[in-house]
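Engineer: Got a file for you: query_15.pdb, PDB, C-alpha atoms.
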```
ATOM      1  CA  MET Q   1      36.491 284.995  98.796
ATOM      2  CA  ASP Q   2      34.035 287.577 100.078
ATOM      3  CA  SER Q   3      34.632 289.812  97.083
ATOM      4  CA  ASN Q   4      33.934 286.861  94.776
ATOM      5  CA  LEU Q   5      30.590 286.275  96.456
ATOM      6  CA  ASN Q   6      29.829 289.967  96.237
ATOM      7  CA  PHE Q   7      30.603 289.916  92.525
ATOM      8  CA  ILE Q   8      28.293 286.947  91.933
ATOM      9  CA  TYR Q   9      25.430 288.539  93.899
ATOM     10  CA  GLY Q  10      25.914 291.815  92.070
ATOM     11  CA  HIS Q  11      25.800 290.183  88.655
ATOM     12  CA  LEU Q  12      23.171 287.495  89.230
ATOM     13  CA  PRO Q  13      20.248 289.734  88.121
ATOM     14  CA  TYR Q  14      21.976 290.441  84.799
ATOM     15  CA  TRP Q  15      22.607 286.750  84.230
ATOM     16  CA  LEU Q  16      18.986 285.881  84.990
ATOM     17  CA  PHE Q  17      17.810 288.461  82.454
ATOM     18  CA  ILE Q  18      20.253 287.057  79.895
ATOM     19  CA  ILE Q  19      18.945 283.527  80.486
ATOM     20  CA  LEU Q  20      15.384 284.791  80.035
ATOM     21  CA  MET Q  21      16.448 286.526  76.827
ATOM     22  CA  LEU Q  22      18.055 283.325  75.557
ATOM     23  CA  SER Q  23      14.869 281.358  76.181
ATOM     24  CA  GLY Q  24      13.030 283.895  74.026
ATOM     25  CA  LEU Q  25      15.691 283.599  71.334
ATOM     26  CA  PHE Q  26      15.453 279.801  71.485
ATOM     27  CA  ILE Q  27      11.682 279.924  70.915
ATOM     28  CA  VAL Q  28      12.169 282.247  67.932
ATOM     29  CA  VAL Q  29      14.827 280.047  66.342
ATOM     30  CA  SER Q  30      13.564 276.548  67.094
ATOM     31  CA  ARG Q  31       9.759 276.725  66.823
ATOM     32  CA  GLY Q  32       8.063 276.611  63.447
ATOM     33  CA  ASN Q  33       4.711 278.078  64.449
ATOM     34  CA  LEU Q  34       4.662 281.789  63.599
ATOM     35  CA  ILE Q  35       2.464 282.844  66.541
ATOM     36  CA  LYS Q  36       4.867 281.105  68.913
ATOM     37  CA  LYS Q  37       7.700 282.989  67.250
ATOM     38  CA  ILE Q  38       5.967 286.278  68.073
ATOM     39  CA  VAL Q  39       5.497 285.156  71.700
ATOM     40  CA  GLY Q  40       9.215 284.313  71.838
ATOM     41  CA  LEU Q  41      10.054 287.717  70.413
ATOM     42  CA  ASN Q  42       7.963 289.334  73.157
ATOM     43  CA  ILE Q  43       9.832 287.422  75.869
ATOM     44  CA  PHE Q  44      13.124 288.442  74.265
ATOM     45  CA  GLN Q  45      12.048 292.070  74.191
ATOM     46  CA  THR Q  46      10.765 292.192  77.760
ATOM     47  CA  SER Q  47      13.949 290.668  79.141
ATOM     48  CA  VAL Q  48      16.010 293.325  77.362
ATOM     49  CA  PHE Q  49      13.764 295.944  78.993
ATOM     50  CA  MET Q  50      14.368 294.339  82.392
ATOM     51  CA  PHE Q  51      18.103 294.451  81.796
ATOM     52  CA  TYR Q  52      17.948 298.120  80.893
ATOM     53  CA  ILE Q  53      15.847 299.036  83.918
ATOM     54  CA  SER Q  54      18.166 297.055  86.180
ATOM     55  CA  ILE Q  55      21.070 299.276  85.100
ATOM     56  CA  GLY Q  56      19.184 302.333  86.379
ATOM     57  CA  LYS Q  57      18.306 300.774  89.738
ATOM     58  CA  MET Q  58      20.026 302.151  92.832
ATOM     59  CA  LYS Q  59      20.219 300.266  96.087
ATOM     60  CA  GLY Q  60      17.704 301.744  98.534
ATOM     61  CA  GLY Q  61      16.380 304.055  95.847
ATOM     62  CA  THR Q  62      12.778 304.911  95.111
ATOM     63  CA  ALA Q  63      10.789 305.739  91.991
ATOM     64  CA  PRO Q  64      11.926 309.010  90.346
ATOM     65  CA  ILE Q  65       8.904 311.044  91.423
ATOM     66  CA  LEU Q  66      10.083 313.939  93.555
ATOM     67  CA  LEU Q  67       8.838 313.791  97.139
ATOM     68  CA  ASP Q  68      10.152 317.155  98.274
ATOM     69  CA  LYS Q  69       9.926 319.652  95.453
ATOM     70  CA  SER Q  70      11.727 322.555  97.039
ATOM     71  CA  ASP Q  71      14.886 320.808  98.130
ATOM     72  CA  ASN Q  72      17.004 318.964  95.564
ATOM     73  CA  ASN Q  73      19.668 317.820  97.983
ATOM     74  CA  SER Q  74      17.396 315.900 100.294
ATOM     75  CA  ALA Q  75      18.431 312.527 101.598
ATOM     76  CA  VAL Q  76      16.026 310.657  99.337
ATOM     77  CA  ILE Q  77      17.711 308.461  96.706
ATOM     78  CA  TYR Q  78      15.975 308.228  93.355
ATOM     79  CA  SER Q  79      16.703 305.587  90.746
ATOM     80  CA  ASN Q  80      17.937 306.785  87.376
ATOM     81  CA  PRO Q  81      14.935 308.059  85.345
ATOM     82  CA  LEU Q  82      16.619 307.973  81.933
ATOM     83  CA  PRO Q  83      16.393 304.193  81.282
ATOM     84  CA  HIS Q  84      12.721 304.349  82.247
ATOM     85  CA  VAL Q  85      12.076 306.966  79.578
ATOM     86  CA  LEU Q  86      13.908 304.994  76.893
ATOM     87  CA  ILE Q  87      12.103 301.776  77.763
ATOM     88  CA  LEU Q  88       8.730 303.516  77.822
ATOM     89  CA  THR Q  89       9.363 304.449  74.194
ATOM     90  CA  ALA Q  90      10.625 300.956  73.416
ATOM     91  CA  ILE Q  91       7.519 299.237  74.820
ATOM     92  CA  VAL Q  92       5.238 301.246  72.542
ATOM     93  CA  VAL Q  93       7.448 300.590  69.522
ATOM     94  CA  GLY Q  94       7.449 296.901  70.516
ATOM     95  CA  ILE Q  95       3.667 296.656  70.462
ATOM     96  CA  ALA Q  96       3.665 298.366  67.058
ATOM     97  CA  THR Q  97       6.053 295.761  65.627
ATOM     98  CA  THR Q  98       4.073 292.947  67.264
ATOM     99  CA  ALA Q  99       0.869 294.210  65.657
ATOM    100  CA  LEU Q 100       2.569 294.391  62.257
ATOM    101  CA  GLY Q 101       3.959 290.855  62.689
ATOM    102  CA  LEU Q 102       0.541 289.498  63.596
ATOM    103  CA  ALA Q 103      -1.021 291.212  60.577
ATOM    104  CA  LEU Q 104       1.646 289.574  58.406
ATOM    105  CA  ILE Q 105       0.765 286.193  59.959
ATOM    106  CA  ILE Q 106      -2.898 286.670  59.084
ATOM    107  CA  LYS Q 107      -1.908 287.546  55.514
ATOM    108  CA  ILE Q 108       0.448 284.556  55.268
ATOM    109  CA  ARG Q 109      -2.261 282.228  56.471
ATOM    110  CA  GLU Q 110      -4.611 283.719  53.852
ATOM    111  CA  GLU Q 111      -2.101 282.909  51.067
ATOM    112  CA  TYR Q 112      -0.661 279.595  52.238
ATOM    113  CA  ASP Q 113      -3.434 278.280  54.498
ATOM    114  CA  SER Q 114      -0.826 277.517  57.163
ATOM    115  CA  VAL Q 115       1.157 279.279  59.881
ATOM    116  CA  GLU Q 116       3.873 276.622  60.109
ATOM    117  CA  GLU Q 117       7.236 277.623  58.712
ATOM    118  CA  ASP Q 118       8.012 274.122  57.384
ATOM    119  CA  ASP Q 119       4.786 273.930  55.356
ATOM    120  CA  ILE Q 120       5.334 277.399  53.942
ATOM    121  CA  GLN Q 121       8.882 276.570  52.872
ATOM    122  CA  LYS Q 122       7.755 273.329  51.223
ATOM    123  CA  MET Q 123       5.092 275.192  49.256
ATOM    124  CA  ASP Q 124       7.618 277.832  48.194
ATOM    125  CA  GLN Q 125       9.994 275.154  46.954
ATOM    126  CA  LYS Q 126       7.217 273.468  44.981
ATOM    127  CA  ASP Q 127       6.205 276.791  43.406
ATOM    128  CA  LEU Q 128       9.803 277.506  42.484
ATOM    129  CA  LYS Q 129      10.194 274.115  40.774
ATOM    130  CA  LYS Q 130       6.982 274.607  38.835
ATOM    131  CA  TYR Q 131       8.067 278.071  37.760
ATOM    132  CA  ASN Q 132      11.497 276.827  36.635
ATOM    133  CA  LYS Q 133       9.958 273.970  34.634
ATOM    134  CA  LYS Q 134       7.597 276.376  32.897
ATOM    135  CA  ASN Q 135      10.483 278.676  32.022
ATOM    136  CA  VAL Q 136      12.537 275.785  30.586
ATOM    137  CA  LEU Q 137       9.592 274.624  28.473
ATOM    138  CA  GLU Q 138       9.033 278.124  27.134
ATOM    139  CA  THR Q 139      12.668 278.653  26.181
ATOM    140  CA  ASN Q 140      12.799 275.223  24.486
ATOM    141  CA  SER Q 141       9.710 275.794  22.396
TER
ATOM    142  CA  MET A   1       6.303 276.376  78.759
ATOM    143  CA  ALA A   2       5.671 277.866  75.354
ATOM    144  CA  LEU A   3       7.972 275.218  73.905
ATOM    145  CA  THR A   4       5.913 272.075  74.335
ATOM    146  CA  LEU A   5       2.330 273.323  74.532
ATOM    147  CA  LYS A   6       0.301 272.621  71.423
ATOM    148  CA  HIS A   7      -2.714 274.774  72.231
ATOM    149  CA  LEU A   8      -1.929 278.327  71.206
ATOM    150  CA  PHE A   9      -4.579 279.734  73.560
ATOM    151  CA  ALA A  10      -2.591 278.491  76.551
ATOM    152  CA  VAL A  11       0.642 279.871  75.078
ATOM    153  CA  ILE A  12      -0.865 283.314  74.561
ATOM    154  CA  MET A  13      -2.402 283.383  78.038
ATOM    155  CA  LEU A  14       0.937 282.413  79.564
ATOM    156  CA  SER A  15       2.638 285.191  77.642
ATOM    157  CA  GLY A  16       0.090 287.648  79.081
ATOM    158  CA  ALA A  17       0.809 286.346  82.585
ATOM    159  CA  PHE A  18       4.525 286.737  81.902
ATOM    160  CA  SER A  19       3.958 290.381  80.975
ATOM    161  CA  LEU A  20       2.058 290.971  84.213
ATOM    162  CA  VAL A  21       4.812 289.384  86.307
ATOM    163  CA  SER A  22       7.430 291.450  84.477
ATOM    164  CA  ALA A  23       5.369 294.574  85.277
ATOM    165  CA  MET A  24       5.649 293.642  88.958
ATOM    166  CA  LEU A  25       9.382 293.249  88.523
ATOM    167  CA  PHE A  26       9.538 296.755  87.039
ATOM    168  CA  VAL A  27       7.786 298.088  90.158
ATOM    169  CA  VAL A  28      10.387 296.374  92.322
ATOM    170  CA  MET A  29      13.105 298.060  90.261
ATOM    171  CA  ASP A  30      11.508 301.516  90.822
ATOM    172  CA  ALA A  31      10.221 301.936  87.278
ATOM    173  CA  VAL A  32       6.546 302.546  88.014
ATOM    174  CA  ASP A  33       5.811 304.310  84.717
ATOM    175  CA  VAL A  34       7.323 301.432  82.776
ATOM    176  CA  ALA A  35       5.376 298.985  84.940
ATOM    177  CA  PHE A  36       1.971 300.364  84.143
ATOM    178  CA  THR A  37       2.793 300.756  80.475
ATOM    179  CA  GLU A  38       3.907 297.132  80.400
ATOM    180  CA  ALA A  39       0.770 296.010  82.263
ATOM    181  CA  ALA A  40      -1.516 297.937  79.911
ATOM    182  CA  VAL A  41       0.300 297.324  76.644
ATOM    183  CA  GLY A  42       2.124 294.028  77.172
ATOM    184  CA  ALA A  43      -0.439 292.171  79.235
ATOM    185  CA  GLY A  44      -3.494 293.907  77.777
ATOM    186  CA  VAL A  45      -3.248 295.045  74.182
ATOM    187  CA  SER A  46      -0.745 292.512  72.857
ATOM    188  CA  THR A  47      -2.647 289.595  74.416
ATOM    189  CA  VAL A  48      -5.853 290.801  72.771
ATOM    190  CA  LEU A  49      -4.063 291.202  69.416
ATOM    191  CA  MET A  50      -2.592 287.708  69.652
ATOM    192  CA  LEU A  51      -5.960 286.208  70.588
ATOM    193  CA  ALA A  52      -7.529 287.955  67.595
ATOM    194  CA  THR A  53      -4.803 286.564  65.334
ATOM    195  CA  MET A  54      -5.339 283.103  66.778
ATOM    196  CA  ALA A  55      -9.091 283.363  66.154
ATOM    197  CA  LEU A  56      -8.437 284.347  62.519
ATOM    198  CA  THR A  57      -5.826 281.647  61.877
ATOM    199  CA  VAL A  58      -5.351 278.402  63.823
ATOM    200  CA  ARG A  59      -5.863 277.282  67.389
ATOM    201  CA  VAL A  60      -3.640 274.221  67.598
ATOM    202  CA  GLN A  61      -0.049 273.937  66.534
ATOM    203  CA  LYS A  62       0.772 271.210  64.041
ATOM    204  CA  GLU A  63       3.074 268.394  65.118
ATOM    205  CA  THR A  64       6.380 268.900  63.342
ATOM    206  CA  LYS A  65       9.847 267.540  63.818
ATOM    207  CA  ARG A  66      12.453 270.266  63.746
ATOM    208  CA  PRO A  67      16.165 270.041  64.451
ATOM    209  CA  ILE A  68      16.925 271.192  67.996
ATOM    210  CA  LEU A  69      20.711 270.920  68.132
ATOM    211  CA  PHE A  70      21.598 273.865  65.928
ATOM    212  CA  PRO A  71      19.333 276.401  67.729
ATOM    213  CA  LEU A  72      20.664 275.155  71.058
ATOM    214  CA  VAL A  73      24.266 275.685  69.957
ATOM    215  CA  VAL A  74      23.490 279.181  68.641
ATOM    216  CA  VAL A  75      21.671 280.139  71.843
ATOM    217  CA  CYS A  76      24.455 278.819  74.081
ATOM    218  CA  LEU A  77      27.073 280.691  72.056
ATOM    219  CA  VAL A  78      25.144 283.962  72.314
ATOM    220  CA  GLY A  79      24.643 283.364  76.034
ATOM    221  CA  VAL A  80      28.328 282.808  76.709
ATOM    222  CA  LEU A  81      29.219 285.980  74.810
ATOM    223  CA  LEU A  82      26.622 288.061  76.663
ATOM    224  CA  ILE A  83      27.640 286.765  80.107
ATOM    225  CA  TYR A  84      31.259 287.475  79.200
ATOM    226  CA  GLY A  85      30.117 291.011  78.402
ATOM    227  CA  THR A  86      28.513 291.500  81.833
ATOM    228  CA  LEU A  87      31.720 290.678  83.693
ATOM    229  CA  ASP A  88      32.941 294.252  83.287
ATOM    230  CA  MET A  89      29.685 295.755  84.521
ATOM    231  CA  PRO A  90      29.249 297.384  87.942
ATOM    232  CA  ASN A  91      27.235 295.518  90.565
ATOM    233  CA  PHE A  92      23.444 295.610  90.478
ATOM    234  CA  GLY A  93      22.214 298.690  92.366
ATOM    235  CA  ALA A  94      25.675 300.273  92.655
ATOM    236  CA  PHE A  95      25.875 304.018  93.308
ATOM    237  CA  ASP A  96      29.078 304.670  91.408
ATOM    238  CA  SER A  97      28.187 302.983  88.122
ATOM    239  CA  PRO A  98      28.736 305.169  85.035
ATOM    240  CA  ALA A  99      25.006 305.142  84.304
ATOM    241  CA  GLN A 100      24.235 306.909  87.599
ATOM    242  CA  LEU A 101      26.945 309.550  87.600
ATOM    243  CA  HIS A 102      26.072 311.979  84.837
ATOM    244  CA  LEU A 103      22.802 312.464  83.035
ATOM    245  CA  GLY A 104      20.389 310.801  85.444
ATOM    246  CA  SER A 105      21.212 312.954  88.435
ATOM    247  CA  THR A 106      21.243 316.102  86.293
ATOM    248  CA  TYR A 107      17.721 315.386  85.103
ATOM    249  CA  LEU A 108      16.633 314.744  88.678
ATOM    250  CA  SER A 109      17.858 318.153  89.791
ATOM    251  CA  ILE A 110      16.699 320.302  86.862
ATOM    252  CA  THR A 111      13.359 318.791  85.854
ATOM    253  CA  TYR A 112      11.290 320.393  88.578
ATOM    254  CA  LYS A 113      12.893 323.803  88.053
ATOM    255  CA  ASP A 114      12.311 323.692  84.286
ATOM    256  CA  MET A 115       8.952 321.975  84.113
ATOM    257  CA  GLY A 116       7.268 322.127  87.479
ATOM    258  CA  ILE A 117       6.323 318.434  87.283
ATOM    259  CA  PRO A 118       7.343 316.189  90.177
ATOM    260  CA  ASN A 119       7.352 313.086  87.991
ATOM    261  CA  VAL A 120      10.804 313.185  86.394
ATOM    262  CA  VAL A 121      10.112 310.400  83.888
ATOM    263  CA  THR A 122       7.148 312.257  82.413
ATOM    264  CA  GLY A 123       9.135 315.474  82.319
ATOM    265  CA  ILE A 124      11.974 313.920  80.345
ATOM    266  CA  LEU A 125       9.661 311.977  78.051
ATOM    267  CA  ALA A 126       7.537 314.943  77.051
ATOM    268  CA  SER A 127      10.092 317.723  76.900
ATOM    269  CA  TYR A 128      13.819 316.930  77.007
ATOM    270  CA  ARG A 129      13.254 313.899  74.793
ATOM    271  CA  GLY A 130      10.164 315.196  73.067
ATOM    272  CA  TYR A 131      11.626 314.475  69.636
ATOM    273  CA  ASP A 132      12.107 310.833  70.649
ATOM    274  CA  THR A 133       8.458 310.654  71.509
ATOM    275  CA  LEU A 134       7.557 312.312  68.206
ATOM    276  CA  GLY A 135       9.631 309.674  66.391
ATOM    277  CA  GLU A 136       7.885 306.971  68.385
ATOM    278  CA  THR A 137       4.530 308.349  67.259
ATOM    279  CA  VAL A 138       5.731 308.201  63.647
ATOM    280  CA  VAL A 139       6.710 304.540  64.149
ATOM    281  CA  VAL A 140       3.299 303.727  65.595
ATOM    282  CA  LEU A 141       1.610 305.552  62.697
ATOM    283  CA  THR A 142       3.695 303.613  60.162
ATOM    284  CA  ALA A 143       2.906 300.316  61.859
ATOM    285  CA  GLY A 144      -0.789 301.158  61.952
ATOM    286  CA  LEU A 145      -0.751 302.046  58.254
ATOM    287  CA  GLY A 146       1.071 298.786  57.534
ATOM    288  CA  VAL A 147      -1.517 296.758  59.437
ATOM    289  CA  ILE A 148      -4.373 298.519  57.630
ATOM    290  CA  LEU A 149      -2.767 297.993  54.212
ATOM    291  CA  LEU A 150      -2.063 294.315  54.952
ATOM    292  CA  LEU A 151      -5.500 293.517  56.290
ATOM    293  CA  SER A 152      -7.596 295.608  53.909
ATOM    294  CA  GLY A 153      -6.683 293.249  51.064
ATOM    295  CA  LEU A 154      -8.001 290.209  52.920
ATOM    296  CA  LYS A 155     -10.256 287.867  50.934
ATOM    297  CA  GLY A 156      -9.139 289.627  47.770
ATOM    298  CA  ARG A 157      -7.390 286.537  46.479
ATOM    299  CA  LYS A 158     -10.394 284.292  46.962
ATOM    300  CA  ASP A 159     -12.584 286.682  44.997
ATOM    301  CA  LYS A 160     -10.194 286.618  42.075
ATOM    302  CA  GLU A 161     -10.168 282.837  41.791
TER
END
```
Any chance you could give the structure as structure tokens?
Structural biologist:
Amino acid sequence: MDSNLNFIYGHLPYWLFIILMLSGLFIVVSRGNLIKKIVGLNIFQTSVFMFYISIGKMKGGTAPILLDKSDNNSAVIYSNPLPHVLILTAIVVGIATTALGLALIIKIREEYDSVEEDDIQKMDQKDLKKYNKKNVLETNS
Amino acid sequence: MALTLKHLFAVIMLSGAFSLVSAMLFVVMDAVDVAFTEAAVGAGVSTVLMLATMALTVRVQKETKRPILFPLVVVCLVGVLLIYGTLDMPNFGAFDSPAQLHLGSTYLSITYKDMGIPNVVTGILASYRGYDTLGETVVVLTAGLGVILLLSGLKGRKDKE
């Protein structure tokens, strides 16, 4: 019984990050507004970062900045620095993709005068029908 | 939160607040470098970019009816799979997890000898994984070029018509 409780406590952080990630995924899939989709993507991203950092965390550890430079075998426990490095890179790449997505949204709004996915799809369908009709007329004549 | 709000300004501000709170969480999990990058980039720059986008496009979301069942099913399925995947993982904060045993402790012991920098994260980022950082710079450059190319053609269509 005690080991079960221990297991649940030890895994609860991971599950919370997964739930946060799912809420981001839900926003991306279910909302039609493109800006909201980007916000959802950000939540998704950040929760993955949290998950990664949580893997490097050690109980009772401290930030990986050496306190005592001369002695490597001191009693101080440092958390794993490698996930921090990877996530540092990932955050910067994430802002780059966000900026590109937002630029695309501005361009889409310029062309379609809307940032709602449903409207954009309707307009695309209409354009496609018009194009097909024109092609049929041309081949007939 | 971001699901039901119609005003995009509130949504964007909440997302900035979320970034700030997540930065605090990173501090709690000993990742101070990540925390201040997240606070500067996530809560600062990306909020400003989103606000600029909002100012150039629309402020209020349109009322639309979208199916909710299918996304919910997809999300639940993904969630079940992911939680099933965590069952094999070591406990949070464990000392003997595979992630702690090899590379991390090696870096902790050799970084100061090789680099003379007490901050291990900076040491790894700039030297052992310097090529990663170079690649990251290339990604940022590409994204910047993409943004410039996309936005430099603005208003071009209206002039043509």
Engineer: Which value, in Å to one decimal, gives the distance between CA of Glu116 in chain Q and CA of Val140 in chain A?
Structural biologist: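 One can read the CA of Glu116 in chain Q to CA of Val140 in chain A distance as 27.7 Å.
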Engineer: Please identify every residue of chain A that has at least one atom no more than 6 Å from any atom of chain Q, counting all atoms listed in the file, and report them as a list in words.
Structural biologist: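 Applying the cut-off to the listed atoms yields Met29, Asp30, Val34, Pro71, Asn91, Phe92, Gly93, Ala94, Gly104, Ser109, Pro118, Asn119, Val120, Val121, Leu125, Val140, Ala143 and Val147 of chain A.
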Engineer: Please, what distance in Å, to one decimal, runs between CA of Thr37 in chain A and CA of Ala55 in chain A?
Structural biologist: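 About the pair CA of Thr37 in chain A and CA of Ala55 in chain A: they are 25.5 Å apart.
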Engineer: Please measure the separation of CA of Leu49 in chain A and CA of Val48 in chain Q, giving the value in Å to one decimal.
Structural biologist: 21.7 Å
Engineer: Report as a list of chain:residue names the residues that result from applying the PyMOL selection byres ((chain A and resi 111) around 10) to the structure here.
Structural biologist: Q:Leu66, A:Thr106, A:Tyr107, A:Leu108, A:Ser109, A:Ile110, A:Tyr112, A:Lys113, A:Asp114, A:Met115, A:Gly116, A:Ile117, A:Pro118, A:Asn119, A:Val120, A:Val121, A:Thr122, A:Gly123, A:Ile124, A:Ser127, A:Tyr128
Engineer: Would you compute, for all listed atoms of range 23-42 of chain Q, the axis-aligned bounding box grown by 8 Å on each side, and then report its centre and edge lengths in Å rounded to one decimal, as AutoDock Vina command-line options?
Structural biologist:
```
--center_x 9.1 --center_y 282.9 --center_z 69.8 --size_x 29.2 --size_y 28.8 --size_z 28.7
```
